[in-house]
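> What follows is coords_19.cif; its format and atoms are mmCIF, C-alpha atoms and all ligand atoms.
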data_input
#
loop_
_atom_site.label_atom_id
_atom_site.label_comp_id
_atom_site.auth_asym_id
_atom_site.auth_seq_id
_atom_site.Cartn_x
_atom_site.Cartn_y
_atom_site.Cartn_z
CA MET A 1 0.00 0.00 0.00
CA ALA A 2 1.45 3.38 -1.01
CA ASP A 3 1.91 6.01 1.68
CA LEU A 4 0.58 8.75 -0.57
CA VAL A 5 -3.05 8.84 -1.63
CA VAL A 6 -4.31 11.52 -4.02
CA TYR A 7 -8.04 12.09 -3.61
CA GLY A 8 -9.71 13.37 -6.74
CA SER A 9 -9.96 12.64 -10.43
CA PRO A 10 -7.41 12.97 -13.25
CA VAL A 11 -9.99 15.13 -15.01
CA SER A 12 -8.75 17.90 -12.70
CA PRO A 13 -5.55 19.63 -13.90
CA PHE A 14 -4.55 20.09 -10.26
CA VAL A 15 -4.82 16.36 -9.59
CA ARG A 16 -2.76 15.65 -12.72
CA LYS A 17 -0.16 18.15 -11.52
CA VAL A 18 0.29 16.21 -8.27
CA GLN A 19 0.34 12.91 -10.15
CA ALA A 20 2.97 14.30 -12.55
CA VAL A 21 5.20 15.32 -9.63
CA CYS A 22 4.96 11.82 -8.13
CA ILE A 23 5.67 10.17 -11.49
CA GLU A 24 8.67 12.42 -12.24
CA LYS A 25 10.09 11.58 -8.82
CA GLY A 26 9.29 7.88 -9.03
CA VAL A 27 7.22 8.16 -5.84
CA GLU A 28 4.56 5.53 -5.39
CA PHE A 29 1.02 6.87 -4.99
CA GLU A 30 -2.60 5.83 -5.27
CA THR A 31 -5.45 7.86 -6.68
CA ASP A 32 -8.79 7.49 -4.90
CA ALA A 33 -11.75 8.78 -6.89
CA VAL A 34 -13.84 11.50 -5.26
CA ASN A 35 -16.79 13.20 -6.93
CA VAL A 36 -16.08 16.74 -5.82
CA PHE A 37 -19.56 17.92 -6.77
CA ASP A 38 -21.18 15.51 -4.34
CA PRO A 39 -18.45 14.47 -1.95
CA PRO A 40 -18.88 12.20 1.04
CA ASP A 41 -18.75 13.73 4.52
CA TRP A 42 -15.24 12.41 5.20
CA PHE A 43 -13.96 14.32 2.18
CA ARG A 44 -15.68 17.56 3.20
CA GLU A 45 -13.85 17.28 6.48
CA ILE A 46 -10.40 17.12 4.86
CA SER A 47 -11.16 19.64 2.09
CA PRO A 48 -12.40 22.84 3.72
CA LEU A 49 -12.73 24.51 0.30
CA LYS A 50 -14.46 21.37 -1.10
CA ARG A 51 -11.87 21.01 -3.84
CA ILE A 52 -9.66 18.32 -5.30
CA PRO A 53 -6.90 17.29 -4.92
CA VAL A 54 -6.35 16.44 -1.28
CA LEU A 55 -3.31 14.37 -0.37
CA ARG A 56 -3.18 11.85 2.44
CA ASP A 57 0.14 10.62 3.74
CA ARG A 58 -0.74 7.36 5.44
CA SER A 59 2.62 7.34 7.19
CA ILE A 60 1.38 10.39 9.15
CA ALA A 61 -2.24 9.33 9.75
CA GLU A 62 -4.70 6.99 8.08
CA GLU A 63 -7.94 8.85 8.75
CA GLY A 64 -9.42 12.21 9.58
CA ILE A 65 -7.72 15.56 9.06
CA PRO A 66 -4.24 14.62 10.34
CA GLY A 67 -1.96 13.51 7.51
CA THR A 68 -3.90 15.41 4.85
CA ILE A 69 -3.00 18.46 2.78
CA ALA A 70 -5.47 20.33 0.57
CA ASP A 71 -4.30 22.38 -2.46
CA SER A 72 -2.00 21.14 -5.20
CA SER A 73 0.75 23.70 -4.60
CA ALA A 74 0.99 22.82 -0.91
CA ILE A 75 0.92 19.12 -1.78
CA CYS A 76 3.70 19.41 -4.37
CA GLY A 77 5.85 21.44 -1.96
CA TYR A 78 5.36 18.73 0.64
CA ILE A 79 6.27 15.93 -1.75
CA GLU A 80 9.40 17.85 -2.80
CA ARG A 81 10.57 18.06 0.83
CA LYS A 82 9.68 14.46 1.57
CA HIS A 83 11.22 13.09 -1.64
CA PRO A 84 13.97 15.54 -2.63
CA GLN A 85 15.41 13.22 -5.26
CA VAL A 86 14.64 14.41 -8.80
CA PRO A 87 14.24 18.00 -7.60
CA LEU A 88 11.34 19.84 -9.20
CA TYR A 89 12.06 23.22 -7.61
CA PRO A 90 15.21 25.10 -8.69
CA ALA A 91 18.03 25.45 -6.15
CA ASP A 92 18.89 28.96 -7.32
CA PRO A 93 16.83 31.43 -5.22
CA PHE A 94 15.64 33.61 -8.09
CA ALA A 95 14.83 30.66 -10.34
CA TYR A 96 12.93 29.16 -7.39
CA GLY A 97 10.86 32.31 -6.96
CA HIS A 98 10.25 32.48 -10.69
CA ALA A 99 9.10 28.84 -10.79
CA LEU A 100 6.60 29.55 -8.00
CA TRP A 101 5.31 32.61 -9.86
CA ILE A 102 4.78 30.71 -13.12
CA GLU A 103 3.09 27.92 -11.15
CA GLU A 104 0.77 30.47 -9.56
CA TYR A 105 0.06 32.23 -12.86
CA ALA A 106 -0.94 28.92 -14.46
CA ASP A 107 -2.86 27.66 -11.41
CA SER A 108 -4.87 30.81 -11.01
CA HIS A 109 -5.05 32.93 -14.16
CA LEU A 110 -4.65 30.33 -16.93
CA ALA A 111 -6.74 27.70 -15.15
CA ALA A 112 -9.54 30.09 -14.18
CA THR A 113 -9.74 31.86 -17.54
CA GLY A 114 -9.58 28.73 -19.65
CA GLY A 115 -11.54 26.60 -17.21
CA LEU A 116 -14.49 28.96 -16.93
CA GLY A 117 -14.29 30.19 -20.51
CA ILE A 118 -13.54 27.03 -22.49
CA PHE A 119 -13.48 23.76 -20.53
CA ARG A 120 -16.67 24.24 -18.56
CA PRO A 121 -18.88 25.66 -21.33
CA ILE A 122 -17.98 22.67 -23.49
CA ALA A 123 -17.27 19.72 -21.22
CA PHE A 124 -19.63 20.45 -18.33
CA ALA A 125 -22.47 21.12 -20.78
CA ALA A 126 -21.75 17.87 -22.64
CA MET A 127 -21.56 15.86 -19.41
CA GLN A 128 -25.03 17.16 -18.54
CA GLY A 129 -26.33 16.13 -21.98
CA LYS A 130 -26.55 19.77 -23.15
CA GLU A 131 -25.21 21.42 -26.29
CA PRO A 132 -21.73 22.88 -25.76
CA ASP A 133 -21.69 26.64 -25.42
CA LEU A 134 -19.27 27.26 -28.27
CA ASP A 135 -20.01 31.00 -28.40
CA THR A 136 -18.60 31.47 -24.90
CA ALA A 137 -15.64 29.20 -25.65
CA ARG A 138 -14.86 30.97 -28.94
CA ALA A 139 -15.06 34.41 -27.33
CA CYS A 140 -12.71 33.27 -24.58
CA TRP A 141 -10.22 31.82 -27.08
CA ALA A 142 -10.33 34.94 -29.25
CA GLU A 143 -10.35 37.61 -26.55
CA LYS A 144 -9.11 36.33 -23.19
CA MET A 145 -6.57 33.67 -24.06
CA PRO A 146 -4.18 35.56 -26.40
CA PRO A 147 -2.51 37.70 -23.68
CA ILE A 148 -2.11 34.66 -21.44
CA LEU A 149 -0.61 32.53 -24.21
CA ALA A 150 1.63 35.41 -25.29
CA TYR A 151 2.89 35.81 -21.73
CA LEU A 152 3.62 32.09 -21.38
CA ASP A 153 5.32 32.09 -24.78
CA GLY A 154 7.47 35.11 -23.91
CA ALA A 155 8.34 33.75 -20.46
CA LEU A 156 10.08 30.80 -22.12
CA GLY A 157 12.26 32.98 -24.33
CA ASP A 158 14.81 30.69 -25.94
CA GLY A 159 14.86 28.38 -22.94
CA GLU A 160 13.76 24.80 -22.77
CA PHE A 161 12.21 25.24 -19.31
CA TYR A 162 10.37 28.02 -17.48
CA ALA A 163 12.77 28.31 -14.55
CA GLY A 164 16.45 27.46 -14.56
CA ASP A 165 17.81 24.77 -16.80
CA ALA A 166 15.77 21.78 -15.67
CA LEU A 167 12.19 20.61 -15.46
CA SER A 168 10.33 22.26 -12.58
CA ILE A 169 6.91 22.65 -11.06
CA ALA A 170 6.42 25.60 -13.44
CA ASP A 171 6.66 23.41 -16.57
CA ILE A 172 4.36 20.81 -15.10
CA THR A 173 1.70 23.28 -13.99
CA VAL A 174 1.58 25.27 -17.23
CA THR A 175 1.21 22.02 -19.14
CA THR A 176 -1.50 20.40 -17.02
CA CYS A 177 -3.55 23.63 -17.02
CA LEU A 178 -3.13 24.19 -20.77
CA MET A 179 -3.94 20.58 -21.59
CA GLN A 180 -7.17 20.91 -19.60
CA LEU A 181 -8.40 23.05 -22.48
CA SER A 182 -7.37 20.50 -25.08
CA LEU A 183 -9.76 18.02 -23.46
CA ALA A 184 -12.50 20.28 -24.82
CA ALA A 185 -11.08 22.16 -27.79
CA ARG A 186 -8.30 22.23 -30.36
CA LEU A 187 -5.58 24.67 -29.38
CA PRO A 188 -3.78 26.02 -32.40
CA LEU A 189 -0.60 27.52 -30.93
CA ASP A 190 1.10 28.58 -34.20
CA ALA A 191 1.29 32.16 -32.95
CA TYR A 192 3.15 31.01 -29.83
CA PRO A 193 6.06 28.88 -31.13
CA ALA A 194 8.04 28.61 -27.88
CA LEU A 195 4.94 27.57 -25.95
CA ALA A 196 3.91 25.12 -28.69
CA ALA A 197 7.36 23.49 -28.67
CA HIS A 198 7.37 23.34 -24.85
CA LEU A 199 3.93 21.71 -24.86
CA LYS A 200 5.06 19.12 -27.41
CA ARG A 201 8.14 18.24 -25.34
CA MET A 202 6.08 18.01 -22.17
CA GLN A 203 3.40 15.83 -23.80
CA ALA A 204 6.10 13.26 -24.55
CA ARG A 205 6.76 12.75 -20.82
CA ASP A 206 4.95 9.89 -19.08
CA SER A 207 4.24 12.17 -16.14
CA ILE A 208 2.03 14.29 -18.39
CA ALA A 209 0.79 11.71 -20.90
CA VAL A 210 -0.32 8.93 -18.55
CA PRO A 211 -2.65 10.97 -16.28
CA TYR A 212 -3.94 12.94 -19.28
CA ALA A 213 -4.87 9.73 -21.13
CA LYS A 214 -7.11 8.80 -18.19
CA ALA A 215 -8.77 12.22 -18.24
CA GLU A 216 -9.20 12.04 -21.99
CA ALA A 217 -10.80 8.58 -21.86
CA PHE A 218 -13.36 9.95 -19.39
CA ILE A 219 -14.08 13.19 -21.27
CA ARG A 220 -14.32 11.56 -24.72
CA ARG A 221 -17.45 9.73 -23.54
CA SER A 222 -19.28 13.07 -23.61
CA VAL A 223 -17.02 15.18 -25.87
CA PRO A 224 -16.10 12.71 -28.64
CA GLU A 225 -13.55 15.09 -30.13
CA PRO A 226 -12.15 18.50 -29.29
CA HIS A 227 -14.12 21.41 -30.75
CA ASP A 228 -12.73 23.90 -33.21
CA LEU A 229 -12.80 27.41 -31.74
CA ALA A 230 -11.52 29.29 -34.78
N1 LIG A 301 -5.91 25.95 -5.80
C1 LIG A 301 -6.47 24.61 -5.82
C2 LIG A 301 -7.55 24.54 -6.89
C3 LIG A 301 -8.27 23.22 -6.86
C4 LIG A 301 -9.55 23.26 -7.69
O1 LIG A 301 -10.08 24.32 -8.03
N2 LIG A 301 -10.06 22.06 -8.00
C5 LIG A 301 -11.30 21.98 -8.72
C6 LIG A 301 -11.26 20.84 -9.71
S1 LIG A 301 -10.27 21.21 -11.09
C7 LIG A 301 -12.42 21.68 -7.75
O2 LIG A 301 -12.23 20.90 -6.84
N3 LIG A 301 -13.59 22.27 -7.96
C8 LIG A 301 -14.74 21.99 -7.19
C9 LIG A 301 -15.45 23.20 -6.72
O3 LIG A 301 -14.88 24.31 -6.85
O4 LIG A 301 -16.57 23.05 -6.21
C10 LIG A 301 -5.35 23.61 -6.06
O5 LIG A 301 -4.34 23.96 -6.67
O6 LIG A 301 -5.48 22.47 -5.59
#
Spell out the structure here as C-alpha cells.


Amino acid sequence: MADLVVYGSPVSPFVRKVQAVCIEKGVEFETDAVNVFDPPDWFREISPLKRIPVLRDRSIAEEGIPGTIADSSAICGYIERKHPQVPLYPADPFAYGHALWIEEYADSHLAATGGLGIFRPIAFAAMQGKEPDLDTARACWAEKMPPILAYLDGALGDGEFYAGDALSIADITVTTCLMQLSLAARLPLDAYPALAAHLKRMQARDSIAVPYAKAEAFIRRSVPEPHDLA
C-alpha cells in the first residue's frame, strides 16, 4: 500500500499536476476517486474549500484531518521536501521564486480563464447532456486567451524550461492547465512557437501523458472530439 493517496480525479488539472510530480520523482502513490460535486462527509472534512486534490500521507495518519493536505501547490511542496530526489524546484533562489510565480500564474489565471471560458462551457455542458456553449468558448479563445498565451510564450524565451535549466513545477503546472483546455477544444498555438514546442516536449513525458490519457478517456465519452474554436 502506497503512503501517498491523491483524492480526486485525473480530469482535474490540479490532480494531474500532483500525479505528474509523483511520477517524475518515481514516488509511489494511489489515486482514490472522489466526486467533488457531491463528496462524502469524510472528504468535506479534509477539504475545507471542497476542492480536489487532497493528499493523504498514510505514514502520518490513516484517517481524519491529520496527515492530509489540501491544495495542489501545498501538496507538491510537501512531496518535494519528503522526496527531494529528482528536484522539481530550482536550487537557485531567483529561479525558485520564478518557478513559483509561473506555477501560480498557471494555477490561477490560466486555469480560471480557460476553465471557466472554455473547458466548462464545453465539457460540463456535454456531461449534462446539453449542447456545448461554443459562443462562450470561442469568445474566450479569441479575446481572453491571447494575452495569457503570449505571456507564457514570452516567459520561455529561448529556454527549454520556465525556470532554470531543468524541469520544474512551473513546466508541469503550465502544461496540465493548458492541456485541460485541449480536453474540450483544439488549441492552435502557431502564434506562440516557444509555448507550442514546450507543450510538445512536455506531452512526450509519461508524467504528463499517462494521467492525461485517463482524463481524456473519461471526457471523450461526452465530448467525442475536441471542438474547433476558430
Ligand atoms: N488551488 C487549488 C484549486 C483546486 C480546484 O479548483 N479544484 C477543482 C477541480 S479542477 C475543484 O475541486 N472544484 C470543485 C469546486 O470548486 O466546487 C489547487 O491547486 O489544488

> Which is closer to ligand LIG 301 (chain A) than all the others in A:Glu131, A:Glu104, A:Glu28, A:Asp92, using all atoms listed in the file?

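Closest residue, counting all atoms listed in the file: A:Glu104.
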
> Do you know which residues lie at most 12 Å from (-15.6, 12.4, -2.5), with coordinates as in the file and all atoms listed in the file counted, and could you write them as a PyMOL selection string?

chain A and resi 6-9+31-47+50-54

> Restrict the selected residues to C-alpha atoms and save them as a short mmCIF file (atom, residue, chain, number, x, y, z; two decimals), keeping the file's coordinate frame.


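That gives us result-v9.cif:
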data_model
loop_
_atom_site.label_atom_id
_atom_site.label_comp_id
_atom_site.auth_asym_id
_atom_site.auth_seq_id
_atom_site.Cartn_x
_atom_site.Cartn_y
_atom_site.Cartn_z
CA VAL A 6 -4.31 11.52 -4.02
CA TYR A 7 -8.04 12.09 -3.61
CA GLY A 8 -9.71 13.37 -6.74
CA SER A 9 -9.96 12.64 -10.43
CA THR A 31 -5.45 7.86 -6.68
CA ASP A 32 -8.79 7.49 -4.90
CA ALA A 33 -11.75 8.78 -6.89
CA VAL A 34 -13.84 11.50 -5.26
CA ASN A 35 -16.79 13.20 -6.93
CA VAL A 36 -16.08 16.74 -5.82
CA PHE A 37 -19.56 17.92 -6.77
CA ASP A 38 -21.18 15.51 -4.34
CA PRO A 39 -18.45 14.47 -1.95
CA PRO A 40 -18.88 12.20 1.04
CA ASP A 41 -18.75 13.73 4.52
CA TRP A 42 -15.24 12.41 5.20
CA PHE A 43 -13.96 14.32 2.18
CA ARG A 44 -15.68 17.56 3.20
CA GLU A 45 -13.85 17.28 6.48
CA ILE A 46 -10.40 17.12 4.86
CA SER A 47 -11.16 19.64 2.09
CA LYS A 50 -14.46 21.37 -1.10
CA ARG A 51 -11.87 21.01 -3.84
CA ILE A 52 -9.66 18.32 -5.30
CA PRO A 53 -6.90 17.29 -4.92
CA VAL A 54 -6.35 16.44 -1.28
#

> Counting all atoms listed in the file, which residues sit no farther than 12 Å from the position (10.2, 34.5, -25.8) in the file's frame? I'd like them as a VMD selection string.

chain A and resid 149 to 162 191 to 198

> Rounded to one decimal place, report the atom CA of A:Ser72-atom N1 of ligand LIG 301 (chain A) distance in Å.

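Answer for the atom CA of A:Ser72 to atom N1 of ligand LIG 301 (chain A) separation: 6.2 Å.
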
> Pick the closest to A:Val15 from A:Leu110, A:Ile172, A:Leu183, A:Leu116: which is it, counting all atoms listed in the file?

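Looking only at the distances to A:Val15, the closest residue turns out to be A:Ile172.
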
> Using the file's own x, y and z axes, so that the box edges lie along x, y and z, what centre and edge lengths in Å (one decimal) does a box around every listed atom of stretch 90-95 of chain A get when 3 Å is added on each side? Give it as AutoDock Vina command-line options.


--center_x 16.9 --center_y 29.4 --center_z -7.8 --size_x 10.1 --size_y 14.5 --size_z 11.1

> Tell me which protein, DNA and RNA residues are within 12 Å of A:Glu80, counting all atoms listed in the file, leaving out same-chain ones fewer than 6 positions away, and put them as a ChimeraX atom specification.

/A:18,21-22,24-27,73-74,86-91,168-169

> Pick out the closest residue to A:Met202 from this set: A:Ile65, A:Ala20, A:Ala123, A:Ala112. Count only C-alpha atoms.

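Answer, going by the shortest atom-to-atom distance: A:Ala20.
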
> Give the answer as one residue: which of A:Pro66, A:Gly114, A:Pro147, A:Pro84 has the shortest atom-to-atom distance to ligand LIG 301 (chain A), using all atoms listed in the file?

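That would be A:Gly114, the residue with the smallest distance to ligand LIG 301 (chain A).
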
> Quick check, in Å to one decimal: how far apart do atom O5 of ligand LIG 301 (chain A) and atom CA of A:Thr175 lie?

13.8 Å

> I'd like to know which of A:Cys177, A:Ile148, A:Ala2, A:Ala95 is closest to A:Glu62, using only C-alpha atoms.

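Closest to A:Glu62, using only C-alpha atoms: A:Ala2.
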
> What does stretch 64-161 of chain A look like written to a file with C-alpha atoms, as a PDB file, in the first residue's frame?


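See selection-v1.pdb below for the written result:
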ATOM      1  CA  GLY A  64      -9.420  12.213   9.579  1.00  0.00           C
ATOM      2  CA  ILE A  65      -7.721  15.560   9.064  1.00  0.00           C
ATOM      3  CA  PRO A  66      -4.236  14.616  10.343  1.00  0.00           C
ATOM      4  CA  GLY A  67      -1.963  13.506   7.512  1.00  0.00           C
ATOM      5  CA  THR A  68      -3.903  15.414   4.850  1.00  0.00           C
ATOM      6  CA  ILE A  69      -3.003  18.464   2.784  1.00  0.00           C
ATOM      7  CA  ALA A  70      -5.469  20.332   0.567  1.00  0.00           C
ATOM      8  CA  ASP A  71      -4.298  22.383  -2.460  1.00  0.00           C
ATOM      9  CA  SER A  72      -2.004  21.135  -5.199  1.00  0.00           C
ATOM     10  CA  SER A  73       0.753  23.698  -4.600  1.00  0.00           C
ATOM     11  CA  ALA A  74       0.991  22.816  -0.913  1.00  0.00           C
ATOM     12  CA  ILE A  75       0.916  19.122  -1.784  1.00  0.00           C
ATOM     13  CA  CYS A  76       3.700  19.410  -4.375  1.00  0.00           C
ATOM     14  CA  GLY A  77       5.846  21.444  -1.965  1.00  0.00           C
ATOM     15  CA  TYR A  78       5.364  18.729   0.642  1.00  0.00           C
ATOM     16  CA  ILE A  79       6.268  15.931  -1.755  1.00  0.00           C
ATOM     17  CA  GLU A  80       9.399  17.845  -2.797  1.00  0.00           C
ATOM     18  CA  ARG A  81      10.566  18.058   0.828  1.00  0.00           C
ATOM     19  CA  LYS A  82       9.680  14.459   1.573  1.00  0.00           C
ATOM     20  CA  HIS A  83      11.222  13.093  -1.642  1.00  0.00           C
ATOM     21  CA  PRO A  84      13.968  15.540  -2.634  1.00  0.00           C
ATOM     22  CA  GLN A  85      15.410  13.217  -5.257  1.00  0.00           C
ATOM     23  CA  VAL A  86      14.639  14.406  -8.796  1.00  0.00           C
ATOM     24  CA  PRO A  87      14.239  18.002  -7.598  1.00  0.00           C
ATOM     25  CA  LEU A  88      11.345  19.843  -9.204  1.00  0.00           C
ATOM     26  CA  TYR A  89      12.062  23.219  -7.608  1.00  0.00           C
ATOM     27  CA  PRO A  90      15.214  25.098  -8.694  1.00  0.00           C
ATOM     28  CA  ALA A  91      18.030  25.450  -6.146  1.00  0.00           C
ATOM     29  CA  ASP A  92      18.889  28.960  -7.316  1.00  0.00           C
ATOM     30  CA  PRO A  93      16.831  31.433  -5.222  1.00  0.00           C
ATOM     31  CA  PHE A  94      15.637  33.606  -8.089  1.00  0.00           C
ATOM     32  CA  ALA A  95      14.832  30.656 -10.340  1.00  0.00           C
ATOM     33  CA  TYR A  96      12.925  29.158  -7.385  1.00  0.00           C
ATOM     34  CA  GLY A  97      10.865  32.308  -6.959  1.00  0.00           C
ATOM     35  CA  HIS A  98      10.247  32.482 -10.688  1.00  0.00           C
ATOM     36  CA  ALA A  99       9.104  28.843 -10.788  1.00  0.00           C
ATOM     37  CA  LEU A 100       6.599  29.551  -8.000  1.00  0.00           C
ATOM     38  CA  TRP A 101       5.313  32.609  -9.858  1.00  0.00           C
ATOM     39  CA  ILE A 102       4.779  30.712 -13.120  1.00  0.00           C
ATOM     40  CA  GLU A 103       3.093  27.923 -11.151  1.00  0.00           C
ATOM     41  CA  GLU A 104       0.774  30.470  -9.556  1.00  0.00           C
ATOM     42  CA  TYR A 105       0.064  32.232 -12.858  1.00  0.00           C
ATOM     43  CA  ALA A 106      -0.943  28.922 -14.456  1.00  0.00           C
ATOM     44  CA  ASP A 107      -2.858  27.656 -11.408  1.00  0.00           C
ATOM     45  CA  SER A 108      -4.868  30.813 -11.007  1.00  0.00           C
ATOM     46  CA  HIS A 109      -5.051  32.932 -14.164  1.00  0.00           C
ATOM     47  CA  LEU A 110      -4.654  30.332 -16.930  1.00  0.00           C
ATOM     48  CA  ALA A 111      -6.739  27.701 -15.152  1.00  0.00           C
ATOM     49  CA  ALA A 112      -9.537  30.087 -14.184  1.00  0.00           C
ATOM     50  CA  THR A 113      -9.744  31.862 -17.537  1.00  0.00           C
ATOM     51  CA  GLY A 114      -9.585  28.726 -19.650  1.00  0.00           C
ATOM     52  CA  GLY A 115     -11.543  26.600 -17.209  1.00  0.00           C
ATOM     53  CA  LEU A 116     -14.489  28.960 -16.928  1.00  0.00           C
ATOM     54  CA  GLY A 117     -14.293  30.193 -20.510  1.00  0.00           C
ATOM     55  CA  ILE A 118     -13.537  27.028 -22.495  1.00  0.00           C
ATOM     56  CA  PHE A 119     -13.478  23.758 -20.527  1.00  0.00           C
ATOM     57  CA  ARG A 120     -16.670  24.244 -18.557  1.00  0.00           C
ATOM     58  CA  PRO A 121     -18.880  25.656 -21.331  1.00  0.00           C
ATOM     59  CA  ILE A 122     -17.981  22.667 -23.495  1.00  0.00           C
ATOM     60  CA  ALA A 123     -17.271  19.721 -21.220  1.00  0.00           C
ATOM     61  CA  PHE A 124     -19.634  20.449 -18.328  1.00  0.00           C
ATOM     62  CA  ALA A 125     -22.471  21.122 -20.775  1.00  0.00           C
ATOM     63  CA  ALA A 126     -21.752  17.871 -22.639  1.00  0.00           C
ATOM     64  CA  MET A 127     -21.557  15.864 -19.407  1.00  0.00           C
ATOM     65  CA  GLN A 128     -25.029  17.161 -18.539  1.00  0.00           C
ATOM     66  CA  GLY A 129     -26.332  16.132 -21.984  1.00  0.00           C
ATOM     67  CA  LYS A 130     -26.547  19.770 -23.153  1.00  0.00           C
ATOM     68  CA  GLU A 131     -25.212  21.421 -26.291  1.00  0.00           C
ATOM     69  CA  PRO A 132     -21.735  22.876 -25.764  1.00  0.00           C
ATOM     70  CA  ASP A 133     -21.688  26.645 -25.418  1.00  0.00           C
ATOM     71  CA  LEU A 134     -19.273  27.260 -28.266  1.00  0.00           C
ATOM     72  CA  ASP A 135     -20.012  31.005 -28.400  1.00  0.00           C
ATOM     73  CA  THR A 136     -18.598  31.467 -24.905  1.00  0.00           C
ATOM     74  CA  ALA A 137     -15.637  29.203 -25.653  1.00  0.00           C
ATOM     75  CA  ARG A 138     -14.856  30.966 -28.944  1.00  0.00           C
ATOM     76  CA  ALA A 139     -15.064  34.405 -27.331  1.00  0.00           C
ATOM     77  CA  CYS A 140     -12.705  33.268 -24.583  1.00  0.00           C
ATOM     78  CA  TRP A 141     -10.220  31.815 -27.075  1.00  0.00           C
ATOM     79  CA  ALA A 142     -10.326  34.940 -29.254  1.00  0.00           C
ATOM     80  CA  GLU A 143     -10.345  37.615 -26.548  1.00  0.00           C
ATOM     81  CA  LYS A 144      -9.111  36.328 -23.195  1.00  0.00           C
ATOM     82  CA  MET A 145      -6.573  33.667 -24.062  1.00  0.00           C
ATOM     83  CA  PRO A 146      -4.177  35.564 -26.396  1.00  0.00           C
ATOM     84  CA  PRO A 147      -2.512  37.699 -23.685  1.00  0.00           C
ATOM     85  CA  ILE A 148      -2.107  34.659 -21.441  1.00  0.00           C
ATOM     86  CA  LEU A 149      -0.610  32.534 -24.209  1.00  0.00           C
ATOM     87  CA  ALA A 150       1.631  35.411 -25.289  1.00  0.00           C
ATOM     88  CA  TYR A 151       2.892  35.811 -21.731  1.00  0.00           C
ATOM     89  CA  LEU A 152       3.619  32.094 -21.380  1.00  0.00           C
ATOM     90  CA  ASP A 153       5.324  32.094 -24.780  1.00  0.00           C
ATOM     91  CA  GLY A 154       7.470  35.108 -23.909  1.00  0.00           C
ATOM     92  CA  ALA A 155       8.337  33.746 -20.462  1.00  0.00           C
ATOM     93  CA  LEU A 156      10.082  30.801 -22.123  1.00  0.00           C
ATOM     94  CA  GLY A 157      12.265  32.976 -24.332  1.00  0.00           C
ATOM     95  CA  ASP A 158      14.812  30.694 -25.942  1.00  0.00           C
ATOM     96  CA  GLY A 159      14.861  28.376 -22.941  1.00  0.00           C
ATOM     97  CA  GLU A 160      13.760  24.796 -22.767  1.00  0.00           C
ATOM     98  CA  PHE A 161      12.208  25.239 -19.309  1.00  0.00           C
TER      99      PHE A 161
END
